[in-house]
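K.L.:
Please find model-v2.pdb (PDB, C-alpha atoms) on the next line:
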```pdb
MODEL        1
ATOM      1  CA  MET A 193     492.985 135.680   3.127
ATOM      2  CA  ASN A 194     492.272 137.406   6.400
ATOM      3  CA  ARG A 195     490.504 140.234   4.663
ATOM      4  CA  ILE A 196     488.179 137.843   2.868
ATOM      5  CA  ILE A 197     487.346 136.151   6.146
ATOM      6  CA  HIS A 198     486.467 139.463   7.669
ATOM      7  CA  LEU A 199     484.118 140.208   4.809
ATOM      8  CA  LEU A 200     482.194 136.971   5.390
ATOM      9  CA  PRO A 201     479.715 138.371   7.915
ATOM     10  CA  LEU A 202     478.893 141.193   5.536
ATOM     11  CA  ALA A 203     478.375 138.753   2.691
ATOM     12  CA  PHE A 204     476.162 136.643   4.917
ATOM     13  CA  PHE A 205     474.146 139.705   5.842
ATOM     14  CA  ILE A 206     473.659 140.666   2.210
ATOM     15  CA  VAL A 207     472.502 137.162   1.310
ATOM     16  CA  LEU A 208     470.063 137.292   4.188
ATOM     17  CA  VAL A 209     468.681 140.659   3.114
ATOM     18  CA  VAL A 210     468.204 139.534  -0.473
ATOM     19  CA  ALA A 211     466.587 136.258   0.566
ATOM     20  CA  LEU A 212     464.214 137.870   3.025
ATOM     21  CA  HIS A 213     463.342 140.572   0.551
ATOM     22  CA  ASN A 214     462.412 137.994  -2.039
ATOM     23  CA  PHE A 215     460.491 135.800   0.358
ATOM     24  CA  LEU A 216     458.619 138.474   2.226
ATOM     25  CA  ASP A 217     458.069 141.241  -0.250
ATOM     26  CA  LYS A 218     455.762 139.405  -2.592
ATOM     27  CA  GLU A 219     453.472 141.408  -4.789
ATOM     28  CA  ASP A 220     450.438 140.871  -2.633
ATOM     29  CA  ASP A 221     450.237 139.747   0.934
ATOM     30  CA  GLN A 222     447.181 137.623   0.451
ATOM     31  CA  LEU A 223     446.983 134.116   1.744
ATOM     32  CA  ALA A 224     447.307 131.600  -1.023
ATOM     33  CA  SER A 225     444.057 129.761  -1.355
ATOM     34  CA  ALA A 226     444.193 126.113  -0.396
ATOM     35  CA  LEU A 227     441.440 125.568  -2.941
ATOM     36  CA  LEU A 228     443.169 126.641  -6.129
ATOM     37  CA  ASP A 229     442.707 123.994  -8.825
ATOM     38  CA  LYS A 230     440.141 122.246  -6.652
ATOM     39  CA  SER A 231     436.457 121.883  -7.361
ATOM     40  CA  PHE A 232     434.044 124.405  -5.962
ATOM     41  CA  PRO A 233     432.874 122.969  -2.617
ATOM     42  CA  THR A 234     429.479 121.315  -2.576
ATOM     43  CA  PHE A 235     426.700 123.373  -1.085
ATOM     44  CA  SER A 236     422.966 123.442  -0.698
ATOM     45  CA  LEU A 237     421.728 126.785   0.525
ATOM     46  CA  PRO A 238     418.774 129.080  -0.120
ATOM     47  CA  SER A 239     419.044 131.708  -2.797
ATOM     48  CA  LEU A 240     418.779 135.246  -1.560
ATOM     49  CA  GLU A 241     416.151 136.219  -4.082
ATOM     50  CA  THR A 242     413.764 133.246  -4.155
ATOM     51  CA  GLN A 243     414.544 131.404  -0.900
ATOM     52  CA  GLU A 244     414.683 128.182  -2.924
ATOM     53  CA  LEU A 245     417.597 125.831  -2.328
ATOM     54  CA  VAL A 246     420.400 126.197  -4.816
ATOM     55  CA  GLU A 247     423.201 123.698  -5.352
ATOM     56  CA  ASN A 248     426.375 123.324  -7.362
ATOM     57  CA  ARG A 249     424.541 122.478 -10.562
ATOM     58  CA  ASP A 250     422.772 125.835 -10.372
ATOM     59  CA  LEU A 251     426.107 127.499 -11.046
ATOM     60  CA  SER A 252     425.443 126.597 -14.642
ATOM     61  CA  LYS A 253     426.796 129.466 -16.693
ATOM     62  CA  LEU A 254     430.504 128.796 -16.446
ATOM     63  CA  PRO A 255     433.146 130.140 -16.480
ATOM     64  CA  ALA A 256     431.955 132.573 -13.853
ATOM     65  CA  LEU A 257     432.981 134.704 -10.950
ATOM     66  CA  VAL A 258     431.780 133.929  -7.460
ATOM     67  CA  ASN A 259     431.799 137.059  -5.363
ATOM     68  CA  VAL A 260     431.450 137.075  -1.575
ATOM     69  CA  TRP A 261     429.613 140.180  -0.403
ATOM     70  CA  ALA A 262     427.539 141.659   2.404
ATOM     71  CA  THR A 263     425.696 144.851   3.178
ATOM     72  CA  TRP A 264     427.941 145.458   6.186
ATOM     73  CA  CYS A 265     431.028 145.206   3.994
ATOM     74  CA  ILE A 266     432.244 148.625   2.950
ATOM     75  CA  THR A 267     434.829 147.484   0.433
ATOM     76  CA  CYS A 268     432.079 145.578  -1.367
ATOM     77  CA  ARG A 269     430.543 148.916  -2.233
ATOM     78  CA  VAL A 270     433.842 150.007  -3.726
ATOM     79  CA  GLU A 271     433.946 147.121  -6.171
ATOM     80  CA  HIS A 272     430.228 147.163  -6.921
ATOM     81  CA  PRO A 273     430.383 149.573  -9.889
ATOM     82  CA  PHE A 274     433.026 147.404 -11.542
ATOM     83  CA  LEU A 275     430.927 144.270 -11.033
ATOM     84  CA  MET A 276     428.023 146.118 -12.636
ATOM     85  CA  LYS A 277     430.245 146.991 -15.546
ATOM     86  CA  LEU A 278     431.296 143.356 -16.015
ATOM     87  CA  LYS A 279     427.642 142.405 -15.989
ATOM     88  CA  GLN A 280     426.486 145.110 -18.389
ATOM     89  CA  GLU A 281     429.228 144.405 -20.880
ATOM     90  CA  SER A 282     428.603 140.653 -20.522
ATOM     91  CA  VAL A 283     432.257 140.020 -19.819
ATOM     92  CA  ILE A 284     431.528 137.145 -17.471
ATOM     93  CA  ASN A 285     428.678 135.794 -15.353
ATOM     94  CA  ILE A 286     428.806 136.564 -11.668
ATOM     95  CA  TYR A 287     427.297 134.587  -8.834
ATOM     96  CA  GLY A 288     427.082 136.149  -5.392
ATOM     97  CA  ILE A 289     427.503 134.693  -1.949
ATOM     98  CA  ASN A 290     425.667 136.913   0.483
ATOM     99  CA  TYR A 291     427.865 136.382   3.536
ATOM    100  CA  LYS A 292     426.542 136.595   7.113
ATOM    101  CA  ASP A 293     423.936 139.153   6.269
ATOM    102  CA  GLN A 294     420.291 140.004   6.792
ATOM    103  CA  LYS A 295     418.058 138.942   3.960
ATOM    104  CA  LYS A 296     415.920 142.052   3.771
ATOM    105  CA  LYS A 297     418.826 144.455   3.985
ATOM    106  CA  ALA A 298     420.645 142.584   1.247
ATOM    107  CA  ILE A 299     417.676 142.505  -1.125
ATOM    108  CA  ASP A 300     416.975 146.187  -0.504
ATOM    109  CA  LEU A 301     420.538 147.146  -1.203
ATOM    110  CA  LEU A 302     420.662 145.277  -4.512
ATOM    111  CA  GLU A 303     417.420 146.951  -5.547
ATOM    112  CA  LYS A 304     418.885 150.314  -4.737
ATOM    113  CA  ILE A 305     422.327 150.065  -6.300
ATOM    114  CA  GLY A 306     421.801 147.342  -8.904
ATOM    115  CA  ASN A 307     422.260 143.587  -8.979
ATOM    116  CA  PRO A 308     425.282 142.289 -10.896
ATOM    117  CA  TYR A 309     424.633 138.656  -9.869
ATOM    118  CA  GLU A 310     422.801 135.849 -11.656
ATOM    119  CA  PHE A 311     421.661 135.060  -8.146
ATOM    120  CA  SER A 312     423.137 135.239  -4.675
ATOM    121  CA  ILE A 313     423.573 132.267  -2.383
ATOM    122  CA  PHE A 314     422.291 133.238   1.049
ATOM    123  CA  ASP A 315     425.048 132.010   3.373
ATOM    124  CA  GLN A 316     423.858 133.402   6.661
ATOM    125  CA  LYS A 317     426.053 131.217   8.855
ATOM    126  CA  GLY A 318     429.109 131.449   6.670
ATOM    127  CA  ILE A 319     429.238 127.684   6.079
ATOM    128  CA  LEU A 320     430.016 127.834   2.379
ATOM    129  CA  ALA A 321     432.410 130.691   3.097
ATOM    130  CA  ILE A 322     434.427 128.501   5.474
ATOM    131  CA  ASP A 323     434.443 125.701   2.894
ATOM    132  CA  LEU A 324     435.867 128.242   0.449
ATOM    133  CA  GLY A 325     438.523 129.394   2.910
ATOM    134  CA  VAL A 326     437.025 132.873   2.988
ATOM    135  CA  TYR A 327     438.359 135.104   5.750
ATOM    136  CA  GLY A 328     436.700 138.398   4.993
ATOM    137  CA  ALA A 329     434.463 140.009   2.437
ATOM    138  CA  PRO A 330     434.841 140.862  -0.353
ATOM    139  CA  GLU A 331     436.492 137.880  -1.982
ATOM    140  CA  THR A 332     436.222 136.835  -5.579
ATOM    141  CA  PHE A 333     436.799 133.429  -7.150
ATOM    142  CA  LEU A 334     437.087 132.562 -10.821
ATOM    143  CA  ILE A 335     435.627 129.183 -11.719
ATOM    144  CA  ASP A 336     436.268 127.470 -15.030
ATOM    145  CA  GLN A 337     433.817 125.406 -17.128
ATOM    146  CA  LYS A 338     434.429 122.323 -15.037
ATOM    147  CA  GLY A 339     433.658 124.109 -11.810
ATOM    148  CA  VAL A 340     437.306 124.274 -10.746
ATOM    149  CA  ILE A 341     438.580 127.309  -8.824
ATOM    150  CA  LYS A 342     441.283 129.035 -10.853
ATOM    151  CA  VAL A 343     441.797 132.429  -9.245
ATOM    152  CA  ARG A 344     441.095 133.838  -5.837
ATOM    153  CA  HIS A 345     441.260 137.463  -4.864
ATOM    154  CA  VAL A 346     440.781 138.944  -1.405
ATOM    155  CA  GLY A 347     439.669 142.568  -1.302
ATOM    156  CA  ALA A 348     438.034 144.822  -3.827
ATOM    157  CA  LEU A 349     437.953 143.647  -7.427
ATOM    158  CA  THR A 350     439.262 146.712  -9.222
ATOM    159  CA  PRO A 351     439.916 147.096 -12.969
ATOM    160  CA  ASP A 352     443.605 146.853 -12.127
ATOM    161  CA  VAL A 353     443.218 143.548 -10.282
ATOM    162  CA  TRP A 354     441.002 142.294 -13.077
ATOM    163  CA  GLU A 355     443.728 143.001 -15.642
ATOM    164  CA  LYS A 356     446.473 141.429 -13.588
ATOM    165  CA  LYS A 357     444.872 138.381 -12.050
ATOM    166  CA  PHE A 358     441.730 137.470 -13.940
ATOM    167  CA  LYS A 359     441.829 138.548 -17.547
ATOM    168  CA  GLY A 360     444.689 136.310 -18.590
ATOM    169  CA  PHE A 361     442.899 133.280 -17.243
ATOM    170  CA  LEU A 362     439.689 134.139 -19.002
ATOM    171  CA  GLY A 363     441.341 133.970 -22.402
ATOM    172  CA  SER A 364     442.695 130.494 -21.717
ATOM    173  CA  LEU A 365     439.416 129.064 -20.484
TER     174      LEU A 365
ATOM    175  CA  MET B 143     451.243 152.584  54.824
ATOM    176  CA  MET B 144     448.498 154.818  53.560
ATOM    177  CA  ASN B 145     450.008 154.734  50.125
ATOM    178  CA  ARG B 146     449.907 150.982  49.964
ATOM    179  CA  LYS B 147     446.226 150.959  50.757
ATOM    180  CA  ILE B 148     445.489 153.380  47.965
ATOM    181  CA  VAL B 149     447.470 151.306  45.535
ATOM    182  CA  LEU B 150     445.615 148.168  46.565
ATOM    183  CA  LEU B 151     442.320 149.945  46.128
ATOM    184  CA  LEU B 152     443.316 151.103  42.674
ATOM    185  CA  ILE B 153     444.344 147.616  41.655
ATOM    186  CA  LEU B 154     440.999 146.333  42.834
ATOM    187  CA  LEU B 155     439.198 148.971  40.838
ATOM    188  CA  ILE B 156     441.201 148.306  37.704
ATOM    189  CA  SER B 157     440.510 144.604  37.946
ATOM    190  CA  PHE B 158     436.845 145.281  37.243
ATOM    191  CA  PHE B 159     437.713 146.272  33.721
ATOM    192  CA  GLY B 160     438.817 142.704  33.165
ATOM    193  CA  LEU B 161     435.226 141.638  33.493
ATOM    194  CA  SER B 162     434.171 143.407  30.333
ATOM    195  CA  ASP B 163     436.210 140.914  28.361
ATOM    196  CA  THR B 164     434.473 137.846  29.703
ATOM    197  CA  LYS B 165     431.475 138.220  27.443
ATOM    198  CA  LYS B 166     432.492 135.495  25.084
ATOM    199  CA  GLU B 167     430.634 132.889  23.151
ATOM    200  CA  LEU B 168     429.729 130.117  25.546
ATOM    201  CA  TYR B 169     430.041 126.542  24.517
ATOM    202  CA  SER B 170     428.799 123.689  26.603
ATOM    203  CA  PHE B 171     430.520 120.390  26.125
ATOM    204  CA  SER B 172     429.342 116.874  26.715
ATOM    205  CA  ASP B 173     432.481 116.086  28.676
ATOM    206  CA  ILE B 174     435.397 117.939  30.191
ATOM    207  CA  GLU B 175     438.014 116.259  27.997
ATOM    208  CA  ARG B 176     436.362 117.739  24.906
ATOM    209  CA  GLN B 177     436.267 121.134  26.507
ATOM    210  CA  GLU B 178     439.979 120.959  27.228
ATOM    211  CA  ARG B 179     440.681 119.955  23.647
ATOM    212  CA  PHE B 180     438.625 122.907  22.452
ATOM    213  CA  ILE B 181     440.599 125.326  24.596
ATOM    214  CA  GLN B 182     443.840 123.803  23.391
ATOM    215  CA  LEU B 183     442.893 123.730  19.708
ATOM    216  CA  GLN B 184     441.868 127.341  19.473
ATOM    217  CA  GLU B 185     445.331 128.258  20.717
ATOM    218  CA  ILE B 186     447.234 126.328  18.064
ATOM    219  CA  TYR B 187     445.315 127.640  15.054
ATOM    220  CA  ARG B 188     445.897 131.055  13.641
ATOM    221  CA  CYS B 189     443.195 133.549  12.820
ATOM    222  CA  PRO B 190     443.301 133.948   9.025
ATOM    223  CA  LYS B 191     441.941 137.473   9.186
ATOM    224  CA  CYS B 192     444.178 139.121  11.750
ATOM    225  CA  GLN B 193     447.265 137.052  10.872
ATOM    226  CA  SER B 194     449.082 137.588  14.126
ATOM    227  CA  SER B 195     446.828 136.106  16.726
ATOM    228  CA  SER B 196     445.392 132.712  17.477
ATOM    229  CA  LEU B 197     441.739 131.883  17.052
ATOM    230  CA  ALA B 198     441.417 132.137  20.805
ATOM    231  CA  GLY B 199     442.839 135.635  20.856
ATOM    232  CA  SER B 200     440.693 137.011  18.078
ATOM    233  CA  ASN B 201     437.159 138.295  18.030
ATOM    234  CA  SER B 202     436.967 138.730  14.277
ATOM    235  CA  LEU B 203     433.977 137.322  12.480
ATOM    236  CA  ILE B 204     435.879 134.494  10.870
ATOM    237  CA  ALA B 205     437.693 133.521  14.072
ATOM    238  CA  LYS B 206     434.361 133.234  15.859
ATOM    239  CA  ASP B 207     432.964 131.107  13.055
ATOM    240  CA  LEU B 208     435.991 128.853  13.029
ATOM    241  CA  LYS B 209     435.793 128.410  16.791
ATOM    242  CA  GLY B 210     432.155 127.485  16.370
ATOM    243  CA  GLN B 211     433.126 125.034  13.665
ATOM    244  CA  ILE B 212     435.838 123.456  15.824
ATOM    245  CA  TYR B 213     433.287 123.120  18.619
ATOM    246  CA  LYS B 214     430.896 121.406  16.252
ATOM    247  CA  LEU B 215     433.541 119.021  14.971
ATOM    248  CA  ILE B 216     434.652 118.105  18.482
ATOM    249  CA  GLU B 217     431.089 117.416  19.530
ATOM    250  CA  GLU B 218     430.644 115.294  16.415
ATOM    251  CA  GLY B 219     433.471 113.178  17.802
ATOM    252  CA  LYS B 220     436.122 114.207  15.286
ATOM    253  CA  THR B 221     439.766 113.683  16.270
ATOM    254  CA  ASP B 222     442.333 116.485  16.453
ATOM    255  CA  LYS B 223     443.896 115.118  13.282
ATOM    256  CA  GLU B 224     440.607 115.289  11.413
ATOM    257  CA  ILE B 225     440.026 118.837  12.600
ATOM    258  CA  GLU B 226     443.461 119.832  11.371
ATOM    259  CA  THR B 227     442.769 118.297   7.983
ATOM    260  CA  TYR B 228     439.467 120.138   7.879
ATOM    261  CA  LEU B 229     441.038 123.510   8.578
ATOM    262  CA  ARG B 230     444.096 122.977   6.448
ATOM    263  CA  SER B 231     442.160 121.902   3.371
ATOM    264  CA  ARG B 232     440.297 125.208   3.537
ATOM    265  CA  TYR B 233     442.812 127.708   4.843
ATOM    266  CA  GLY B 234     446.093 126.092   3.890
ATOM    267  CA  ASP B 235     449.263 125.828   5.951
ATOM    268  CA  PHE B 236     448.775 129.348   7.165
ATOM    269  CA  ILE B 237     446.189 128.296   9.708
ATOM    270  CA  VAL B 238     448.687 126.253  11.716
ATOM    271  CA  TYR B 239     451.488 127.885  13.635
ATOM    272  CA  LYS B 240     453.711 124.857  13.342
ATOM    273  CA  PRO B 241     454.720 124.512   9.699
ATOM    274  CA  PRO B 242     454.760 121.056   8.107
ATOM    275  CA  PHE B 243     458.100 119.363   7.439
ATOM    276  CA  ARG B 244     458.296 119.519   3.661
ATOM    277  CA  LYS B 245     460.703 120.283   0.852
ATOM    278  CA  ASN B 246     459.899 123.984   0.758
ATOM    279  CA  THR B 247     460.011 124.342   4.527
ATOM    280  CA  LEU B 248     463.325 122.506   4.934
ATOM    281  CA  ILE B 249     465.276 125.695   5.479
ATOM    282  CA  LEU B 250     462.839 126.723   8.155
ATOM    283  CA  TRP B 251     463.402 123.533  10.103
ATOM    284  CA  LEU B 252     467.072 122.901   9.406
ATOM    285  CA  GLY B 253     468.258 126.487   8.990
ATOM    286  CA  PRO B 254     468.965 127.123  12.660
ATOM    287  CA  PHE B 255     470.983 123.907  13.007
ATOM    288  CA  LEU B 256     472.899 124.713   9.854
ATOM    289  CA  PHE B 257     473.629 128.126  11.250
ATOM    290  CA  LEU B 258     474.829 126.583  14.501
ATOM    291  CA  ILE B 259     477.178 124.244  12.636
ATOM    292  CA  VAL B 260     478.594 127.112  10.600
ATOM    293  CA  VAL B 261     479.200 129.189  13.703
ATOM    294  CA  PHE B 262     480.783 126.235  15.506
ATOM    295  CA  ALA B 263     483.071 125.517  12.561
ATOM    296  CA  TRP B 264     483.985 129.190  12.426
ATOM    297  CA  VAL B 265     484.932 129.246  16.092
ATOM    298  CA  MET B 266     486.986 126.061  15.768
ATOM    299  CA  ILE B 267     488.899 127.407  12.778
ATOM    300  CA  ARG B 268     489.605 130.610  14.618
ATOM    301  CA  LYS B 269     490.873 128.665  17.574
ATOM    302  CA  ILE B 270     493.237 126.532  15.510
ATOM    303  CA  VAL B 271     494.574 129.510  13.576
ATOM    304  CA  PHE B 272     495.088 131.452  16.783
ATOM    305  CA  LYS B 273     496.828 128.553  18.457
ATOM    306  CA  SER B 274     499.297 128.065  15.615
ATOM    307  CA  GLU B 275     500.004 131.789  15.622
ATOM    308  CA  VAL B 276     500.775 131.635  19.319
ATOM    309  CA  GLU B 277     502.969 128.616  18.811
ATOM    310  CA  ASP B 278     504.880 130.450  16.124
ATOM    311  CA  LEU B 279     505.467 133.333  18.490
ATOM    312  CA  GLU B 280     506.569 131.033  21.265
ATOM    313  CA  SER B 281     509.062 129.166  19.112
ATOM    314  CA  GLU B 282     510.352 132.484  17.833
ATOM    315  CA  LYS B 283     510.927 133.551  21.397
ATOM    316  CA  ILE B 284     512.848 130.388  22.172
ATOM    317  CA  VAL B 285     515.029 130.838  19.096
ATOM    318  CA  LYS B 286     515.719 134.419  20.050
ATOM    319  CA  ALA B 287     516.641 133.485  23.594
ATOM    320  CA  ALA B 288     519.025 130.814  22.346
ATOM    321  CA  GLU B 289     520.576 133.327  19.994
ATOM    322  CA  LYS B 290     521.000 135.756  22.833
ATOM    323  CA  THR B 291     522.859 133.279  25.038
ATOM    324  CA  ARG B 292     525.001 132.215  22.128
ATOM    325  CA  LEU B 293     526.001 135.841  21.417
ATOM    326  CA  LYS B 294     526.498 136.521  25.088
ATOM    327  CA  ASN B 295     528.785 133.513  25.327
ATOM    328  CA  LEU B 296     530.713 134.660  22.294
ATOM    329  CA  PHE B 297     531.263 138.152  23.759
ATOM    330  CA  GLU B 298     532.060 136.946  27.244
ATOM    331  CA  GLY B 299     534.276 134.200  25.973
ATOM    332  CA  ASP B 300     536.245 136.864  24.141
TER     333      ASP B 300
ENDMDL
END
```
Would you write the structure of this file as structure tokens?
P.N.:
Amino acid sequence: MNRIIHLLPLAFFIVLVVALHNFLDKEDDQLASALLDKSFPTFSLPSLETQELVENRDLSKLPALVNVWATWCITCRVEHPFLMKLKQESVINIYGINYKDQKKKAIDLLEKIGNPYEFSIFDQKGILAIDLGVYGAPETFLIDQKGVIKVRHVGALTPDVWEKKFKGFLGSL
Amino acid sequence: MMNRKIVLLLILLISFFGLSDTKKELYSFSDIERQERFIQLQEIYRCPKCQSSSLAGSNSLIAKDLKGQIYKLIEEGKTDKEIETYLRSRYGDFIVYKPPFRKNTLILWLGPFLFLIVVFAWVMIRKIVFKSEVEDLESEKIVKAAEKTRLKNLFEGD
């Protein structure tokens, strides 16, 4: 009896370790989006390319990706080739949100390295980004036919991330 | 004496470096109460980018934008509650330091009390067990002493 009692602290410690390991060591340390399974927030902002106002109904070719990018964002350059690949192979339509950027710089960059987007929403003040719960570029959202956000990824969209987080959803849409 | 003067001088010099940090975004408020709320609010919300500092303590792009947004909402006459709803609907529970009292946060809120109860119970049990052990020893002693006198009497009576 006494021996068992003396083992209790050890048992408690082990339970604690296992619990903390499971709670804290999740696969990715990204913040869960508060917007999952919610509609894409309403917006009315100029398009980067034409300066004309675009709104929710202009995101017409759904399902689609919405990708937050900027010329100052280095990681965005990392994922750019993969976005181009998605575009060229017509895997899915991509809309861009040009986040807190300079118009000319952004247009020049897309001309130079290629434009994977149907169009980019020019969100200079980061208003739409805040409505989306964005906290840093790049971020990518998957939107289904009804305009509901299904997946959110913070950081570069790599082939690996695509396989793990996005592809499965695409089949079910 | 000389030393102290040098130290004072150094402290004075160092204090100038503090000035470089005062170049912050300036907000002008329509009344002082709103300004105080602004100062208070940016302390209780967490910067989603840096994850370990408040909005007030962060100069990241998103923290600046959120501060600007809080300013705007305050000036629009929104209440603290409405501002919290605004932030939470976009950034989730993470944005607040104080977690909500919900089913999946129960352990967070009640855990410490549970732990306290367990420890208290543990101490009480130990105390009772110890006490009974002592009592056993004591009664054993008394028995032994009685035995001793009985034997002594037997021998001496002989």
K.L.:
Find the residues in chain A near chain B: any atom within 9 Å counts, using all atoms listed in the file. Write them as a ChimeraX atom specification.
P.N.:
/A:223-227,317-319,322-328
K.L.:
For the structure provided, state which residues fall under the PyMOL selection byres ((chain B and resi 196) around 8), and present them as number ranges by chain.
P.N.:
B: 184-189, 194-195, 197-200
K.L.:
Would you pick out the contacts of range 269-280 of chain A at 10 Å or less, using all atoms listed in the file, so that residues sharing its chain but fewer than 6 positions from it are not included, and give the list as a list in words?
P.N.:
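Final neighbour list, sorted by chain and number: Leu257, Asn259, Trp261, Ala262, Thr263, Ile286, Ile305, Gly306, Asn307, Pro308, Tyr309, Glu310, Pro330, Gly347, Ala348, Leu349, Thr350, Pro351 and Trp354 of chain A.
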K.L.:
Quick check, in Å to one decimal: how far apart do CA of Lys296 in chain A and CA of Ala329 in chain A lie?
P.N.:
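These atoms are spaced 18.7 Å apart.
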K.L.:
If I take CA of Lys223 in chain B and CA of Asp173 in chain B, how far is one from the other in Å, to one decimal?
P.N.:
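Interatomic distance, CA of Lys223 in chain B to CA of Asp173 in chain B: 19.2 Å.
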K.L.:
To one decimal in Å, tell me the separation between CA of Leu240 in chain A and CA of Val258 in chain A.
P.N.:
14.3 Å
K.L.:
Using all atoms listed in the file, which of the listed residues (B:Thr247, B:Tyr169, B:Ile174, B:Lys286) sits closest to Lys206 in chain B?
P.N.:
B:Tyr169
K.L.:
Got a sec to check which residues sit within 10 Å of (423.8, 145.9, 2.5), counting all atoms listed in the file, and write them as a ChimeraX atom specification?
P.N.:
/A:261-266,268-269,290,293-302,304-305
K.L.:
Considering all atoms listed in the file, can you say which of A:Asp315, A:Leu237, A:Ser252, A:Lys230 comes closest to Phe333 in chain A?
P.N.:
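Looking only at the distances to Phe333 in chain A, the closest residue turns out to be A:Lys230.
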K.L.:
Please identify all polymer residues within 10 Å of Arg249 in chain A, counting all atoms listed in the file, omitting same-chain residues fewer than 3 positions from it, and present them as a VMD selection string.
P.N.:
chain A and resid 234 to 235 246 252 to 253 339
K.L.:
What are the centre and the three edge lengths of an axis-aligned box that wraps all atoms of range 348-357 of chain A in the file, given that 5 Å is added to every side, written as AutoDock Vina command-line options and rounded to one decimal in Å?
P.N.:
```
--center_x 442.2 --center_y 142.7 --center_z -9.7 --size_x 18.5 --size_y 18.7 --size_z 21.8
```
K.L.:
Tell me which protein, DNA and RNA residues are within 12 Å of range 265-274 of chain B, counting all atoms listed in the file, leaving out same-chain ones fewer than 5 positions away, and put them as a PDB file with C-alpha atoms, in the coordinates of the input.
P.N.:
```pdb
ATOM      1  CA  ASN A 194     492.272 137.406   6.400  1.00  0.00           C
ATOM      2  CA  ILE A 197     487.346 136.151   6.146  1.00  0.00           C
ATOM      3  CA  HIS A 198     486.467 139.463   7.669  1.00  0.00           C
TER       4      HIS A 198
ATOM      5  CA  LEU B 258     474.829 126.583  14.501  1.00  0.00           C
ATOM      6  CA  ILE B 259     477.178 124.244  12.636  1.00  0.00           C
ATOM      7  CA  VAL B 260     478.594 127.112  10.600  1.00  0.00           C
ATOM      8  CA  LEU B 279     505.467 133.333  18.490  1.00  0.00           C
ATOM      9  CA  GLU B 280     506.569 131.033  21.265  1.00  0.00           C
ATOM     10  CA  SER B 281     509.062 129.166  19.112  1.00  0.00           C
TER      11      SER B 281
END
```
K.L.:
Find the residues with any atom within 7 Å of (436.3, 117.2, 11.5); use only C-alpha atoms and the coordinates as given in the file, and write the answer as a PyMOL selection string.
P.N.:
chain B and resi 215+220-221+224-225+228
K.L.:
From the options B:Arg146, B:Leu250, B:Arg176, B:Phe297, which residue's atoms come nearest to Asp222 in chain B, counting only C-alpha atoms?
P.N.:
B:Arg176
K.L.:
Given the file shown, determine the residues that the PyMOL selection byres ((chain A and resi 337) around 10) selects; report them as a JSON list (two decimals) with C-alpha atoms, in the frame of the given file.
P.N.:
```json
[["chain", "number", "residue", "atom", "x", "y", "z"],
["A", 252, "SER", "CA", 425.44, 126.60, -14.64],
["A", 253, "LYS", "CA", 426.80, 129.47, -16.69],
["A", 254, "LEU", "CA", 430.50, 128.80, -16.45],
["A", 255, "PRO", "CA", 433.15, 130.14, -16.48],
["A", 256, "ALA", "CA", 431.96, 132.57, -13.85],
["A", 335, "ILE", "CA", 435.63, 129.18, -11.72],
["A", 336, "ASP", "CA", 436.27, 127.47, -15.03],
["A", 338, "LYS", "CA", 434.43, 122.32, -15.04],
["A", 339, "GLY", "CA", 433.66, 124.11, -11.81],
["A", 340, "VAL", "CA", 437.31, 124.27, -10.75],
["A", 341, "ILE", "CA", 438.58, 127.31, -8.82],
["A", 365, "LEU", "CA", 439.42, 129.06, -20.48]]
```
